[in-house]
Structure formats: structure tokens, C-alpha cells
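Asks: What follows is the file model32.cif, containing mmCIF, C-alpha atoms:
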data_target
loop_
_atom_site.label_atom_id
_atom_site.label_comp_id
_atom_site.auth_asym_id
_atom_site.auth_seq_id
_atom_site.Cartn_x
_atom_site.Cartn_y
_atom_site.Cartn_z
CA MET A 1497 -42.96 -6.81 34.83
CA PRO A 1498 -40.23 -4.21 34.03
CA PHE A 1499 -39.69 -3.28 30.42
CA ALA A 1500 -36.43 -4.76 29.04
CA LEU A 1501 -34.52 -2.93 26.35
CA PRO A 1502 -33.33 -4.92 23.34
CA PRO A 1503 -29.65 -5.97 23.78
CA ALA A 1504 -28.58 -3.71 20.92
CA VAL A 1505 -29.81 -0.54 22.67
CA PRO A 1506 -27.41 -0.60 25.68
CA ALA A 1507 -24.53 -1.41 23.32
CA LEU A 1508 -25.47 1.56 21.14
CA LEU A 1509 -25.68 3.87 24.16
CA ARG A 1510 -22.21 2.76 25.31
CA PHE A 1511 -20.86 3.44 21.82
CA LEU A 1512 -22.31 6.95 21.53
CA PRO A 1513 -19.43 8.76 23.35
CA THR A 1514 -16.93 7.04 21.03
CA LEU A 1515 -19.03 7.99 18.00
CA ALA A 1516 -19.22 11.58 19.27
CA LEU A 1517 -15.42 11.68 19.50
CA GLY A 1518 -15.15 10.35 15.96
CA LEU A 1519 -17.64 12.91 14.68
CA ALA A 1520 -15.74 15.69 16.45
CA GLY A 1521 -12.48 14.54 14.90
CA GLY A 1522 -14.08 14.34 11.46
CA ALA A 1523 -15.67 17.77 11.83
CA ALA A 1524 -12.35 19.30 12.92
CA ALA A 1525 -10.57 17.74 9.95
CA PHE A 1526 -13.35 18.97 7.65
CA ALA A 1527 -13.10 22.48 9.09
CA ILE A 1528 -9.37 22.72 8.32
CA ASP A 1529 -9.89 21.23 4.84
CA LEU A 1530 -7.95 18.00 5.32
CA PRO A 1531 -8.33 15.36 2.61
CA LEU A 1532 -10.65 12.47 3.55
CA PRO A 1533 -11.68 14.47 6.62
CA TRP A 1534 -14.43 12.28 8.07
CA LEU A 1535 -12.39 9.08 7.75
CA LEU A 1536 -8.96 10.37 8.81
CA GLY A 1537 -10.26 12.81 11.43
CA ALA A 1538 -12.30 10.13 13.19
CA MET A 1539 -9.47 7.61 12.92
CA LEU A 1540 -6.78 9.91 14.31
CA ALA A 1541 -8.97 11.22 17.15
CA THR A 1542 -9.92 7.73 18.36
CA THR A 1543 -6.41 6.33 17.86
CA LEU A 1544 -4.86 9.04 20.01
CA ALA A 1545 -7.57 8.62 22.65
CA SER A 1546 -7.09 4.83 22.65
CA LEU A 1547 -3.32 5.11 23.10
CA ALA A 1548 -3.93 7.63 25.90
CA GLY A 1549 -5.98 5.01 27.75
CA ALA A 1550 -9.52 6.22 27.05
CA PRO A 1551 -12.08 3.38 27.40
CA LEU A 1552 -13.49 3.59 23.88
CA ARG A 1553 -16.09 1.20 22.51
CA SER A 1554 -16.11 -0.67 19.21
CA PRO A 1555 -18.99 -0.04 16.79
CA GLY A 1556 -19.73 -3.76 16.99
CA ARG A 1557 -22.66 -4.60 14.75
CA GLY A 1558 -22.73 -1.00 13.63
CA ARG A 1559 -19.63 -1.70 11.54
CA GLN A 1560 -21.44 -4.61 9.89
CA GLY A 1561 -24.23 -2.27 8.83
CA VAL A 1562 -21.70 0.22 7.52
CA LEU A 1563 -20.04 -2.51 5.43
CA VAL A 1564 -23.40 -3.13 3.75
CA VAL A 1565 -23.76 0.61 3.08
CA ILE A 1566 -20.25 0.80 1.60
CA GLY A 1567 -20.97 -2.25 -0.56
CA VAL A 1568 -24.09 -0.61 -1.99
CA MET A 1569 -22.10 2.59 -2.60
CA LEU A 1570 -19.34 0.68 -4.40
CA GLY A 1571 -21.86 -1.07 -6.61
CA SER A 1572 -23.19 2.27 -7.77
CA ALA A 1573 -19.80 2.92 -9.40
CA PHE A 1574 -20.48 0.13 -11.92
CA THR A 1575 -22.47 1.96 -14.59
CA PRO A 1576 -23.32 1.16 -18.24
CA GLU A 1577 -21.02 4.03 -19.21
CA MET A 1578 -17.96 2.41 -17.61
CA SER A 1579 -14.94 2.70 -19.90
CA GLY A 1580 -12.68 0.10 -18.31
CA ASP A 1581 -10.51 -1.83 -20.76
CA PRO A 1582 -10.88 -5.60 -20.06
CA GLY A 1583 -7.35 -6.23 -21.33
CA ARG A 1584 -5.84 -3.63 -19.01
CA TRP A 1585 -7.92 -4.88 -16.11
CA SER A 1586 -6.73 -8.46 -16.72
CA LEU A 1587 -3.09 -7.44 -16.85
CA SER A 1588 -3.49 -5.32 -13.75
CA LEU A 1589 -5.23 -8.13 -11.83
CA ALA A 1590 -2.43 -10.51 -12.74
CA ALA A 1591 0.20 -7.96 -11.72
CA MET A 1592 -1.64 -7.39 -8.43
CA LEU A 1593 -1.47 -11.12 -7.64
CA GLY A 1594 2.26 -11.08 -8.39
CA ALA A 1595 2.75 -8.05 -6.15
CA THR A 1596 0.70 -9.74 -3.43
CA ALA A 1597 3.03 -12.75 -3.54
CA VAL A 1598 6.04 -10.45 -3.15
CA MET A 1599 4.33 -8.65 -0.26
CA MET A 1600 3.53 -11.92 1.46
CA GLY A 1601 7.12 -13.11 1.10
CA PHE A 1602 8.48 -9.83 2.46
CA SER A 1603 6.03 -9.81 5.38
CA VAL A 1604 6.84 -13.36 6.48
CA TRP A 1605 10.59 -12.73 6.15
CA PHE A 1606 10.35 -9.48 8.10
CA SER A 1607 8.21 -11.00 10.87
CA ARG A 1608 10.49 -14.02 11.25
CA ARG A 1609 13.94 -12.49 10.80
CA ILE A 1610 13.52 -8.91 11.99
CA ALA A 1611 10.60 -8.96 14.42
CA GLY A 1612 11.38 -12.46 15.73
CA HIS A 1613 7.84 -13.88 15.58
CA SER A 1614 6.90 -17.53 15.23
CA LEU A 1615 6.09 -19.02 11.81
CA ASP A 1616 2.34 -19.11 12.43
CA THR A 1617 2.34 -15.54 13.72
CA ALA A 1618 4.45 -14.35 10.78
CA LEU A 1619 2.13 -15.98 8.25
CA TYR A 1620 -1.16 -14.68 9.62
CA ALA A 1621 0.24 -11.24 10.46
CA GLY A 1622 1.82 -11.04 7.01
CA VAL A 1623 -1.29 -11.67 4.92
CA PRO A 1624 -1.80 -8.44 2.94
CA GLY A 1625 -5.55 -8.13 3.40
CA GLY A 1626 -8.65 -9.85 4.73
CA VAL A 1627 -8.05 -9.00 8.38
CA SER A 1628 -11.39 -10.37 9.62
CA ALA A 1629 -11.09 -13.69 7.83
CA VAL A 1630 -7.39 -14.03 8.64
CA THR A 1631 -7.93 -13.35 12.35
CA GLY A 1632 -10.67 -15.98 12.41
CA MET A 1633 -8.39 -18.53 10.75
CA ALA A 1634 -5.59 -17.70 13.19
CA LEU A 1635 -7.77 -18.75 16.14
CA SER A 1636 -7.11 -22.41 15.33
CA SER A 1637 -3.34 -21.95 14.97
CA ASP A 1638 -0.40 -21.32 17.28
CA ALA A 1639 -0.18 -17.68 16.19
CA ASP A 1640 0.05 -14.86 18.74
CA LEU A 1641 -3.35 -13.30 18.17
CA ARG A 1642 -2.33 -10.04 19.83
CA VAL A 1643 0.56 -9.59 17.38
CA VAL A 1644 -1.60 -10.61 14.41
CA GLY A 1645 -4.31 -8.11 15.35
CA MET A 1646 -1.91 -5.27 16.10
CA THR A 1647 0.05 -5.82 12.89
CA HIS A 1648 -3.06 -5.60 10.72
CA ALA A 1649 -4.42 -2.62 12.67
CA VAL A 1650 -1.16 -0.68 12.40
CA ARG A 1651 -0.87 -1.53 8.70
CA ILE A 1652 -4.32 -0.09 7.94
CA LEU A 1653 -3.53 2.98 10.05
CA VAL A 1654 -0.22 3.60 8.25
CA LEU A 1655 -1.78 3.12 4.80
CA LEU A 1656 -4.67 5.49 5.45
CA VAL A 1657 -2.38 8.18 6.86
CA ALA A 1658 0.00 7.73 3.91
CA ILE A 1659 -2.64 7.96 1.19
CA PRO A 1660 -3.01 11.79 1.05
CA PRO A 1661 0.72 12.62 0.80
CA VAL A 1662 1.40 9.74 -1.61
CA LEU A 1663 -1.46 10.66 -3.93
CA ASP A 1664 -0.49 14.31 -3.70
CA GLY A 1665 3.07 13.37 -4.55
CA ILE A 1666 2.17 11.44 -7.69
CA GLY A 1667 -0.09 14.30 -8.74
CA HIS A 1668 -2.71 12.12 -10.42
CA VAL A 1669 -5.72 13.16 -8.37
CA SER A 1670 -7.07 16.24 -6.65
CA LEU A 1671 -7.28 15.90 -2.88
CA SER A 1672 -9.04 19.18 -2.27
CA ALA A 1673 -12.00 18.42 -0.06
CA ALA A 1674 -15.33 19.24 -1.65
CA THR A 1675 -17.58 21.34 0.57
CA PRO A 1676 -21.19 20.49 -0.17
CA ASP A 1677 -23.70 23.26 0.30
CA PRO A 1678 -26.33 22.76 3.03
CA ALA A 1679 -28.93 21.65 0.48
CA ARG A 1680 -26.67 18.84 -0.71
CA TRP A 1681 -26.00 17.67 2.84
CA LEU A 1682 -29.76 17.40 3.36
CA TRP A 1683 -30.44 15.64 0.04
CA LEU A 1684 -32.18 12.26 0.23
CA PRO A 1685 -33.04 9.80 -2.56
CA GLY A 1686 -36.66 9.40 -3.57
CA PRO A 1687 -38.79 6.51 -2.29
CA VAL A 1688 -38.20 4.33 -5.38
CA ASP A 1689 -34.44 4.88 -5.37
CA ALA A 1690 -34.31 4.29 -1.61
CA ALA A 1691 -36.16 0.99 -2.12
CA TRP A 1692 -33.64 -0.11 -4.76
CA LEU A 1693 -30.71 0.74 -2.49
CA ALA A 1694 -32.24 -0.95 0.57
CA GLY A 1695 -33.09 -4.03 -1.49
CA ALA A 1696 -29.54 -4.23 -2.81
CA GLY A 1697 -28.21 -4.08 0.74
CA VAL A 1698 -30.54 -6.72 2.20
CA LEU A 1699 -30.37 -9.12 -0.76
CA GLY A 1700 -26.62 -8.59 -1.15
CA ALA A 1701 -25.90 -9.34 2.51
CA TRP A 1702 -27.93 -12.56 2.26
CA LEU A 1703 -26.33 -13.54 -1.05
CA GLY A 1704 -22.82 -12.81 0.18
CA LYS A 1705 -23.28 -15.14 3.13
CA ARG A 1706 -25.02 -17.74 0.98
CA LEU A 1707 -22.12 -17.77 -1.48
CA HIS A 1708 -19.55 -17.68 1.35
CA LEU A 1709 -17.91 -14.62 -0.17
CA PRO A 1710 -14.94 -13.13 1.68
CA ASN A 1711 -16.16 -10.08 3.59
CA ALA A 1712 -19.70 -11.08 2.62
CA LEU A 1713 -21.39 -7.97 4.02
CA LEU A 1714 -19.21 -5.77 1.79
CA PHE A 1715 -18.89 -7.70 -1.45
CA GLY A 1716 -22.38 -9.23 -1.49
CA PRO A 1717 -24.18 -5.86 -1.56
CA ALA A 1718 -21.53 -4.56 -3.96
CA LEU A 1719 -22.32 -7.37 -6.44
CA VAL A 1720 -26.10 -6.87 -6.27
CA SER A 1721 -25.81 -3.08 -6.44
CA SER A 1722 -23.41 -3.27 -9.38
CA ALA A 1723 -25.82 -5.58 -11.24
CA LEU A 1724 -28.67 -3.11 -10.71
CA HIS A 1725 -26.57 -0.14 -11.85
CA LEU A 1726 -24.87 -1.90 -14.78
CA THR A 1727 -28.21 -2.99 -16.21
CA GLY A 1728 -29.60 0.52 -15.80
CA LEU A 1729 -32.42 -0.59 -13.51
CA THR A 1730 -31.46 2.22 -11.18
CA HIS A 1731 -29.05 5.13 -11.01
CA ALA A 1732 -29.71 5.69 -7.32
CA ALA A 1733 -26.97 7.12 -5.11
CA LEU A 1734 -26.62 7.32 -1.36
CA PRO A 1735 -26.91 10.71 0.39
CA PRO A 1736 -23.62 12.46 1.29
CA THR A 1737 -24.56 12.58 4.97
CA LEU A 1738 -24.75 8.78 5.09
CA ILE A 1739 -21.45 8.50 3.21
CA ALA A 1740 -19.78 10.82 5.75
CA LEU A 1741 -21.23 8.80 8.65
CA ALA A 1742 -19.92 5.60 7.08
CA GLN A 1743 -16.46 7.15 6.87
CA VAL A 1744 -16.63 8.18 10.54
CA ILE A 1745 -17.61 4.69 11.71
CA ILE A 1746 -14.89 3.05 9.60
CA GLY A 1747 -12.36 5.53 11.00
CA VAL A 1748 -13.55 4.84 14.55
CA SER A 1749 -13.36 1.08 13.99
CA VAL A 1750 -9.68 1.45 13.09
CA GLY A 1751 -8.89 3.74 16.02
CA VAL A 1752 -10.55 1.64 18.73
CA ARG A 1753 -8.41 -1.36 17.80
CA PHE A 1754 -5.69 0.29 19.87
CA THR A 1755 -7.82 0.45 23.02
CA GLY A 1756 -5.92 -1.16 25.88
CA THR A 1757 -2.64 -0.83 24.00
CA SER A 1758 0.28 0.58 25.92
CA LEU A 1759 3.17 2.12 24.04
CA SER A 1760 5.51 1.06 26.84
CA THR A 1761 4.52 -2.62 26.82
CA LEU A 1762 3.73 -3.09 23.13
CA GLY A 1763 6.18 -0.58 21.70
CA HIS A 1764 8.27 -3.24 19.93
CA THR A 1765 5.22 -4.85 18.32
CA LEU A 1766 3.85 -1.51 17.15
CA ALA A 1767 7.23 -0.36 15.81
CA MET A 1768 7.80 -3.61 13.90
CA ALA A 1769 4.29 -3.45 12.47
CA ALA A 1770 4.80 0.15 11.32
CA LEU A 1771 8.13 -0.68 9.64
CA GLN A 1772 6.59 -3.70 7.93
CA ALA A 1773 3.68 -1.54 6.70
CA LEU A 1774 6.09 1.00 5.22
CA GLY A 1775 7.93 -1.78 3.39
CA LEU A 1776 4.65 -3.10 1.98
CA LEU A 1777 3.63 0.41 0.96
CA ALA A 1778 6.90 0.78 -0.98
CA ILE A 1779 6.23 -2.51 -2.82
CA ALA A 1780 2.70 -1.35 -3.66
CA ILE A 1781 3.98 1.97 -5.01
CA LEU A 1782 6.58 0.25 -7.21
CA ALA A 1783 4.06 -2.29 -8.52
CA ALA A 1784 1.46 0.41 -9.23
CA TRP A 1785 4.03 2.53 -11.05
CA ALA A 1786 5.14 -0.47 -13.14
CA ILE A 1787 1.61 -1.41 -14.26
CA HIS A 1788 0.85 2.26 -14.95
CA GLU A 1789 3.90 2.54 -17.20
CA ALA A 1790 3.15 -0.78 -18.91
CA THR A 1791 -0.58 -0.38 -19.54
CA GLY A 1792 -1.52 3.23 -18.89
CA VAL A 1793 -4.01 2.44 -16.10
CA SER A 1794 -4.50 5.21 -13.59
CA LEU A 1795 -1.56 5.33 -11.19
CA ALA A 1796 -3.80 6.48 -8.33
CA ALA A 1797 -6.31 3.67 -8.94
CA ALA A 1798 -3.55 1.07 -9.23
CA LEU A 1799 -2.01 2.27 -5.99
CA LEU A 1800 -5.28 1.95 -4.04
CA ALA A 1801 -5.92 -1.42 -5.68
CA TYR A 1802 -2.46 -2.78 -4.83
CA MET A 1803 -2.23 -1.47 -1.26
CA PRO A 1804 -2.06 -4.44 1.13
CA GLY A 1805 -5.33 -4.78 2.94
CA GLY A 1806 -8.24 -2.92 4.35
CA ALA A 1807 -10.66 -3.59 1.49
CA PRO A 1808 -13.54 -1.61 3.08
CA GLU A 1809 -11.25 1.28 3.97
CA LEU A 1810 -9.41 1.49 0.64
CA SER A 1811 -12.56 0.98 -1.44
CA LEU A 1812 -14.23 3.75 0.54
CA VAL A 1813 -11.24 6.04 -0.13
CA ALA A 1814 -11.50 5.29 -3.86
CA LEU A 1815 -15.22 6.07 -3.77
CA SER A 1816 -14.78 9.26 -1.75
CA LEU A 1817 -12.06 10.61 -4.03
CA GLY A 1818 -13.61 9.36 -7.27
CA ILE A 1819 -10.62 7.14 -8.10
CA ASP A 1820 -12.24 4.35 -10.17
CA PRO A 1821 -13.88 2.52 -7.23
CA ALA A 1822 -15.02 -0.34 -9.50
CA PHE A 1823 -11.39 -1.05 -10.48
CA VAL A 1824 -10.17 -0.86 -6.88
CA THR A 1825 -12.99 -3.04 -5.52
CA ALA A 1826 -12.46 -5.76 -8.16
CA HIS A 1827 -8.78 -6.02 -7.25
CA HIS A 1828 -9.40 -6.31 -3.52
CA LEU A 1829 -12.12 -8.93 -4.00
CA LEU A 1830 -9.78 -11.09 -6.10
CA ARG A 1831 -6.88 -10.63 -3.67
CA ILE A 1832 -8.88 -11.62 -0.60
CA THR A 1833 -10.47 -14.61 -2.34
CA VAL A 1834 -7.10 -15.98 -3.48
CA LEU A 1835 -5.46 -15.39 -0.11
CA ILE A 1836 -8.21 -17.14 1.84
CA LEU A 1837 -8.16 -20.12 -0.52
CA LEU A 1838 -4.37 -20.44 -0.42
CA MET A 1839 -3.70 -19.80 3.28
CA PRO A 1840 -4.13 -23.44 4.45
CA VAL A 1841 -1.92 -24.68 1.59
CA LEU A 1842 0.71 -22.02 2.24
CA LEU A 1843 0.78 -22.66 5.98
CA GLY A 1844 1.20 -26.41 5.44
CA ALA A 1845 4.01 -25.89 2.92
CA CYS A 1846 5.90 -23.52 5.21
CA ARG A 1847 5.61 -25.93 8.13
CA ARG A 1848 7.01 -28.78 6.03
CA LEU A 1849 9.91 -26.62 4.85
CA THR A 1850 10.83 -25.59 8.40
CA ALA A 1851 10.29 -29.03 9.98
#
The structure given in the file should be rewritten as C-alpha cells.
Replies:
Amino acid sequence: MPFALPPAVPALLRFLPTLALGLAGGAAAFAIDLPLPWLLGAMLATTLASLAGAPLRSPGRGRQGVLVVIGVMLGSAFTPEMSGDPGRWSLSLAAMLGATAVMMGFSVWFSRRIAGHSLDTALYAGVPGGVSAVTGMALSSDADLRVVGMTHAVRILVLLVAIPPVLDGIGHVSLSAATPDPARWLWLPGPVDAAWLAGAGVLGAWLGKRLHLPNALLFGPALVSSALHLTGLTHAALPPTLIALAQVIIGVSVGVRFTGTSLSTLGHTLAMAALQALGLLAIAILAAWAIHEATGVSLAAALLAYMPGGAPELSLVALSLGIDPAFVTAHHLLRITVLILLMPVLLGACRRLTA
């Protein structure tokens, strides 16, 4: 009887050339000292290859594993020494929800009036965050799933590309890429710390699904890891090599969304999505500036927290640049939770108003 490989092995082998391209793009960006090199380099390399017609492969379940890793990393930012002001956080969370409502209104208006999409398509494409959950909900609607997917993909692409120049412009954070020495690249946590981190990932993934959290594989491990770090049970951190690999896979997962996309046939959809993303970015910048002026919270952290969507990507950026990842993660968790809960109500209300 011939030996049969597990189903995951052939899928991994098919993904390896795409991963190699992402690693090459990240390494090139790292070599020329770009900010966020492993994330942006992998994303840009695979996006260009996808638009050129290269048959790239999605990370598939590999992305799910990376979400767990990112969740554990984010939880490590919640330490007993955290100096966050609960009053400022509360005001910022409330302001973020207000900004999200404005973004949603702008997105639906733009999709309906400017891009000419249907109401269902405009609503699901306009949700500022929670792309996985929103796409799943759109399956049972009359929305154009291609437009919904492309709009969210282009939005995340535009935001990630815009982050370095915007943060550099506001001057509130250093974007100079740190260059770890070889010893740091090879550093690994000890057996006890590794056990804590692995336990947080496994238990968090189970708990996230059990509690039906939005983006359960990200926020479940983040909650468990944050509990372990806040209580001082562990101060374990993930090795930089694993963090860089996580950035590459997240960057690849954004780039491969454009596989099979033709600029000639989908040019209008892509252009409308890019313009909508720029409008949402402007709203996020204004809202972040307003809450910074009103409360004194970090402008860079508020900007990453208010940006519309891509919770794994934006939380990973906050972690990589040391921009209060706990603050950013808390905002995205609240935003996605509220949006998912309100989407059926909002869709029903809009249908009644347009009937």
C-alpha cells in the first residue's frame, strides 16, 4: 500500500514558492532599510506578482497559525507596568466608535453614489474592519462578493502602504528599522517560557472559538497571553525570527488576494476601492488628531487604533514599531465586536429606508 502524505503537506509544498517570494521581498526591503520591511516587502512583492498574473498560493491554514502567534505576541504587551489611563482609554474608545460610524456612513455613500454598487454590496464592502467575518456574512446576501473582497483587500493594502509616510509626517514615532545582531536573530525562549507561550496559544484559540469572539484565533490567544503577562506569571517574549516570519506571512496573505485580478477588467473596482480607502484614511487621521488634542493620547497609537480594518495587520504594525499595541488591540477588538453585532440591524434598517 503506497504511503499517503497528510493533506496539509501538498498544500504547504505548493505554498513554498509564494513564501519564498515573500521572504525575498522582505529581505530586499530589510536590506534597503525600509520601515516594516518584512511586512511591506512581502506584501508589495506578492501584490505586484499577483497583478502580473503569477499563480501565487494563499497561506491557507498557515495564516490561521500566524494569527495565533500574533495574538500571543499582542498579549505580551499587557504588563503589570502598563501606564494606560482608564479615563483616556474610555474617551478614546468612545471617539473610535463615533469615527467608525462616520466611516461607515462615508463608505456606504461612496459605494452607492460614486461607485454605483448595490445596497448590500455597499454595506458589506463599507464595513471598516472584520474582513473575514464580514465576507462570511455577505455570503447569505445579495452583495457582489468579488467587489466586497476587492474593496477590503485594497483598503488594507492602501493603509499599510500609507502608514510609514503618515507616521513619519506626524513625527511621533521613529520608523528607523532596527537591525538585530546575529545573536538576537538566533535567540530562543527557554523551555518554561516556550511552554507558557505555547499554552497561551492553544488555550486562547480554544477559548476564542468557545466564546465566539470575532477573529477568535487572534483575540483568544491575545486575551490568555495578556492575562498571563498582566498577572506576572510570565514575561516570556517570542523570538524575533518568528515575529519576522509572521510579518512575511501576513504580507503574503494580503498580496495573494489580488491573484487572478486583471487591471483591465477590474480597474474600476480597484480604483473606487483605493479612493474610498483614502477617504477613510483621512477620517481616521482627523479623528486621531482630535482625540490626541483632547486627551493627550499618543497620536501614532490613536491613528493605528482608528484606521479602518485589518486588525491583525494593524496590531502587528503597532507591536513591531512599539506603538502601544495593547491600546491599539483593545480598540480593534471593540470595533469588530460592535460592527458584527450591529450589521444585521443596520442592513435591515437600510433596506426599509430604501424600500
Asks: If you measure from CA of Gly1792 (chain A) to CA of Leu1589 (chain A), what distance in Å do you get, rounded to one decimal?
Replies: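 Taking CA of Gly1792 (chain A) as the start and CA of Leu1589 (chain A) as the end point, the length is 13.9 Å.
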Asks: Write out as number ranges by chain each polymer residue whose atoms come within 7 Å of region 1612-1623 of chain A, counting all atoms listed in the file; drop sequence neighbours fewer than 3 positions from it.
Replies: A: 1600, 1603-1604, 1607-1609, 1630, 1634, 1637-1640, 1644, 1647-1648
Asks: Just the selected residues (C-alpha atoms), exported as an mmCIF file, in the frame of the given file, please.
Replies:
data_model
loop_
_atom_site.group_PDB
_atom_site.id
_atom_site.type_symbol
_atom_site.label_atom_id
_atom_site.label_comp_id
_atom_site.auth_asym_id
_atom_site.auth_seq_id
_atom_site.Cartn_x
_atom_site.Cartn_y
_atom_site.Cartn_z
ATOM 1 C CA MET A 1600 3.530 -11.920 1.460
ATOM 2 C CA SER A 1603 6.030 -9.810 5.380
ATOM 3 C CA VAL A 1604 6.840 -13.360 6.480
ATOM 4 C CA SER A 1607 8.210 -11.000 10.870
ATOM 5 C CA ARG A 1608 10.490 -14.020 11.250
ATOM 6 C CA ARG A 1609 13.940 -12.490 10.800
ATOM 7 C CA VAL A 1630 -7.390 -14.030 8.640
ATOM 8 C CA ALA A 1634 -5.590 -17.700 13.190
ATOM 9 C CA SER A 1637 -3.340 -21.950 14.970
ATOM 10 C CA ASP A 1638 -0.400 -21.320 17.280
ATOM 11 C CA ALA A 1639 -0.180 -17.680 16.190
ATOM 12 C CA ASP A 1640 0.050 -14.860 18.740
ATOM 13 C CA VAL A 1644 -1.600 -10.610 14.410
ATOM 14 C CA THR A 1647 0.050 -5.820 12.890
ATOM 15 C CA HIS A 1648 -3.060 -5.600 10.720
#
Asks: For Ser1636 (chain A), which of A:Thr1543, A:Pro1840, A:His1764, A:Gly1558 is the closest residue, counting all atoms listed in the file?
Replies: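 Closest to Ser1636 (chain A), using all atoms listed in the file: A:Pro1840.
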Asks: Evaluate the PyMOL selection byres ((chain A and resi 1809-1816) around 7) on the structure here and hand back the selected residues as a ChimeraX atom specification.
Replies: /A:1566,1570,1746,1800,1806-1808,1817-1821,1824-1825
Asks: Using the chain letters and residue numbers of this document, give as a PyMOL selection string the residues selected by the PyMOL selection byres ((chain A and resi 1534) around 10).
Replies: chain A and resi 1518-1526+1530-1533+1535-1539+1739-1748
Asks: In terms of the shortest atom-to-atom distance over all atoms listed in the file, which of A:Gly1697, A:Gly1751, A:Pro1582, A:Gly1626 is closest to Leu1563 (chain A)?
Replies: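 Among the listed residues, A:Gly1697 lies closest to Leu1563 (chain A).
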Asks: What lies within 9 Å of Ala1732 (chain A) using all atoms listed in the file, ignoring chain neighbours under 3 positions off, as a VMD selection string?
Replies: chain A and resid 1572 1685 to 1686 1688 to 1690 1692 to 1693 1725
Asks: Once the PyMOL selection byres ((chain A and resi 1556) around 10) is applied to the coordinates I shared, what remains selected? I want it as a ChimeraX atom specification.
Replies: /A:1504,1507-1508,1511,1553-1555,1557-1561,1749
Asks: Residues of the last selection are to be written out with C-alpha atoms, as a JSON list (two decimals), in the frame of the given file.
Replies:
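Result written to selection12.json:
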[["chain", "number", "residue", "atom", "x", "y", "z"],
["A", 1504, "ALA", "CA", -28.58, -3.71, 20.92],
["A", 1507, "ALA", "CA", -24.53, -1.41, 23.32],
["A", 1508, "LEU", "CA", -25.47, 1.56, 21.14],
["A", 1511, "PHE", "CA", -20.86, 3.44, 21.82],
["A", 1553, "ARG", "CA", -16.09, 1.20, 22.51],
["A", 1554, "SER", "CA", -16.11, -0.67, 19.21],
["A", 1555, "PRO", "CA", -18.99, -0.04, 16.79],
["A", 1557, "ARG", "CA", -22.66, -4.60, 14.75],
["A", 1558, "GLY", "CA", -22.73, -1.00, 13.63],
["A", 1559, "ARG", "CA", -19.63, -1.70, 11.54],
["A", 1560, "GLN", "CA", -21.44, -4.61, 9.89],
["A", 1561, "GLY", "CA", -24.23, -2.27, 8.83],
["A", 1749, "SER", "CA", -13.36, 1.08, 13.99]]
Asks: Any idea what the distance is between CA of Ala1778 (chain A) and CA of Arg1651 (chain A)?
Replies: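 So the two atoms, CA of Ala1778 (chain A) and CA of Arg1651 (chain A), lie 12.6 Å apart.
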Asks: Given all atoms listed in the file as the basis, pick out the residue of A:Ala1767, A:Ala1797, A:Met1839, A:Val1662 nearest to Phe1823 (chain A).
Replies: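 Among A:Ala1767, A:Ala1797, A:Met1839, A:Val1662, it is A:Ala1797 that comes nearest to Phe1823 (chain A).
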Asks: Using all atoms listed in the file, which of the listed residues (A:Ala1696, A:Ile1836, A:Met1803, A:Leu1517) sits closest to Ser1722 (chain A)?
Replies: A:Ala1696
Asks: Counting only C-alpha atoms, which of A:Ala1826, A:Leu1509, A:Val1750, A:Ala1733 gets nearest to Val1627 (chain A)?
Replies: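 For Val1627 (chain A), the nearest of the candidates is A:Val1750.
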Asks: Could you check which of A:Leu1843, A:Leu1766, A:Ala1780, A:Leu1540 is closest to Gly1594 (chain A), using all atoms listed in the file?
Replies: A:Ala1780
Asks: Suppose you want the space between CA of Leu1842 (chain A) and CA of Arg1642 (chain A); what is it in Å?
Replies: 21.5 Å
Asks: Please return as a list of chain:residue names every residue within 8 Å of (14.3, -4.8, 17.8), taking into account all atoms listed in the file and the file's own coordinates.
Replies: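 Collected hits near the coordinates: A:Ile1610, A:Ala1611, A:His1764, A:Met1768.
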Asks: Please return, as a list in words, all polymer residues that have at least one atom within 10 Å of the point (2.0, 5.0, -8.8); use all atoms listed in the file and the file's own coordinate frame.
Replies: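 Answer for this query, in the requested form: Val1662, Leu1663, Gly1665, Ile1666, Gly1667, His1668, Ala1780, Ile1781, Leu1782, Ala1783, Ala1784, Trp1785, Ala1786, Ile1787, His1788, Glu1789, Val1793, Ser1794, Leu1795, Ala1796, Ala1797, Ala1798, Leu1799, Leu1800 and Tyr1802 of chain A.
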